[in-house]
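Down below is the structure, laid out as structure tokens.
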Amino acid sequence: MSARCYELKQKLDSLHREFTQEIAKAATEQQLRKVFADYGGSAGSIRLAQKDALRSAPNAEKKSIGQLTNEVVQAVEAEFERRLAGLAEEERKRDLERTADVTLPGRKRVLGHLHPITLVRREITAIFAQLGFVVAEGPQIETDFHNFEALAIPKDHPARDMQDTFYVEGHEDLVLRTHTSPVQIRTMLSGAPPVRVIAPGPVYRKDDDPTHSPMFNQIEGLCVDQGITFADLKGTLLHFVQRFFGADFQVRLRPSFFPFTEPSAEIDMSCAFCRGQGCRTCKGTGWMEIGGSGMVDPEVFRHVGYDSEKYTGFAFGMGIDRMAMLRYRINDIKLMFDGDVRFVRQFR
Ligand SMILES: [Zn+2]
């Protein structure tokens with residue numbers, strides 16, 4: 001080997017060692033590529049050393065100079081590739097450690113749940129379903145005929161007063177239903193007896209205080225067949241109250257008046273707060289009113305074309321919201337409709 005080549009080899013070996021030290025220090029791919037460009041790139045120090053040597057070399061030595069340089073360039077390239085792969089592997093390991101710590105506790109998602117009114121409506125419906133009642137539904141915007149006339153509510157009845165009823169503007173014949181009773185009419189108009197339906201749903205009245213809301217939920221029951229008596233009504237209501245509130249609850253039917261039942265009765269049950277002992281809520285009586293009921297008036301049967309000589313039936317209506325308030329001891333009906341999750345969350 002000529003002195004020139006020897007000198008070049010010394011120089012290249014020295015650069016190679018420097019390169020090895022530098023790439024070991026490179027912590028990122030960017031730093032690594034820069035080190036490689038500085039040494040092994042086309043304008044890097046290795047190629048510059050080659051150029052220097054070639055400048056003064058006779059032709060006979062040029063091949064050896066090229067070979068010496070290429071060997072070092074190849075070695076440097078190989079080390080660069082290995083280090084590059086090593087860096088990628090380190091990066092991947094760090095990623096795995098960062099994103100998949102299997103010892104971390106899982107994140108809990110907040111699950112939705114049913115509103116207390118929905119819970120109570122489903123429970124009431126299920127109790128009556130076991131007695132053979134099927135769910136019937138009707139529109140919330142009703143005709144005057146279904147909401148009033150067919151239920152024998154005369155034109156001068158207080159329930160028709162503008163104070164109580166929401167009328168649909170520009171449609172004197174349409175109202176927001178004031179009770180679920182029009183579903184009775186729709187059911188009877190759509191088929192012959194026997195009938196056994198339960199109709200839950202929202203109703204609307206111009207009422208607004210802690211125990212009344214302009215929109216509230218009722219559940220209506222109707223049973224029509226041959227030989228249905230007042231005793232069947234009381235038995236059905238008693239069964240329901242004892243299933244829903246507890247076996248020690250009693251039902252009392254108090255004479256009353258509704259245009260569409262005859263005879264009519266208010267439904268009272270043992271006070272849910274004192275269980276009949278007498279307290280402030282029930283004004284010391286031990287009873288609280290939960291709805292209205294009665295035997296279907298023959299006048300209603302006439303409107304739907306049922307033979308009142310052959311068939312009798314009972315009907316009742318109760319407030320679902322009121323049931324929920326009694327069940328959960330809620331004293332303001334508005335809490336039910338405010339949509340405050342802190343309230344609703346308590347009824348999972
Ligand atoms: Zn009481």
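Scheme for the structure tokens: letters A, B, ... for chains in order shown; per-chain residue numbers from 1; ligand numbers from 1 in order shown.
Residues in contact with ligand 1 (atom pairs separated by at most 6 Å; only C-alpha atoms and all ligand atoms) are Cys271, Phe273, Cys274, Gly276, Gly278, Cys279, Thr281, Cys282 and Gly286 of chain A.
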I need the residues from that last selection saved to file as a PDB file, in the first residue's frame (with N, CA and C atoms), if you can.
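What follows is the written file selection.pdb:
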ATOM      1  N   CYS A 271    -103.208   6.001  53.235  1.00  0.00           N
ATOM      2  CA  CYS A 271    -102.169   7.023  53.075  1.00  0.00           C
ATOM      3  C   CYS A 271    -100.796   6.357  52.995  1.00  0.00           C
ATOM      4  N   PHE A 273     -98.022   7.704  53.392  1.00  0.00           N
ATOM      5  CA  PHE A 273     -97.038   8.252  54.333  1.00  0.00           C
ATOM      6  C   PHE A 273     -97.205   7.690  55.740  1.00  0.00           C
ATOM      7  N   CYS A 274     -98.480   7.503  56.171  1.00  0.00           N
ATOM      8  CA  CYS A 274     -98.696   7.021  57.538  1.00  0.00           C
ATOM      9  C   CYS A 274     -99.347   5.632  57.554  1.00  0.00           C
ATOM     10  N   GLY A 276    -102.307   4.771  56.871  1.00  0.00           N
ATOM     11  CA  GLY A 276    -103.662   4.742  57.417  1.00  0.00           C
ATOM     12  C   GLY A 276    -103.790   5.206  58.850  1.00  0.00           C
ATOM     13  N   GLY A 278    -103.090   8.231  59.980  1.00  0.00           N
ATOM     14  CA  GLY A 278    -103.472   9.639  60.062  1.00  0.00           C
ATOM     15  C   GLY A 278    -102.241  10.505  60.237  1.00  0.00           C
ATOM     16  N   CYS A 279    -102.030  11.421  59.295  1.00  0.00           N
ATOM     17  CA  CYS A 279    -100.867  12.308  59.377  1.00  0.00           C
ATOM     18  C   CYS A 279    -101.228  13.636  58.721  1.00  0.00           C
ATOM     19  N   THR A 281    -100.181  14.924  55.868  1.00  0.00           N
ATOM     20  CA  THR A 281    -100.414  14.834  54.426  1.00  0.00           C
ATOM     21  C   THR A 281    -101.855  14.406  54.121  1.00  0.00           C
ATOM     22  N   CYS A 282    -102.368  13.450  54.903  1.00  0.00           N
ATOM     23  CA  CYS A 282    -103.730  12.975  54.644  1.00  0.00           C
ATOM     24  C   CYS A 282    -104.738  13.693  55.527  1.00  0.00           C
ATOM     25  N   GLY A 286    -106.124   9.288  57.154  1.00  0.00           N
ATOM     26  CA  GLY A 286    -105.566   7.968  56.859  1.00  0.00           C
ATOM     27  C   GLY A 286    -105.785   7.543  55.410  1.00  0.00           C
TER      28      GLY A 286
END
Query raised in the report: So which residues touch region 216-233 of chain A within 8 Å, counting only C-alpha atoms, skipping near sequence neighbours fewer than 6 positions away, as a VMD selection string?
Result: chain A and resid 179 to 181 184 193 to 204 294 to 295 310 to 321
Query raised in the report: Mind checking DSSP for region 71-284 of chain A and telling me the strand (DSSP E) residues as an MDAnalysis selection string?
Result: chainID A and resid 134:135 141:143 167:168 171:176 195:204 215:225 251:258 261:270
Report task. Pick out each residue of region 183-310 of chain A that DSSP on the backbone tags as alpha helix (DSSP H); I need them as a PyMOL selection string. Result -> chain A and resi 183-190+230-244+298-304
Query - 8 Å contact set for Gln50 (chain A), only C-alpha atoms, chain neighbours under 4 positions out, as JSON, numbers by chain - result: {"A": [8, 46, 54, 65, 66, 69]}
Requested in this report: Return the single residue from A:Val300, A:Met215, A:Leu253, A:Val183 that is closest to Glu137 (chain A), with distances computed using only C-alpha atoms.
Outcome: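 Distance minimum relative to Glu137 (chain A) lands on A:Val183.
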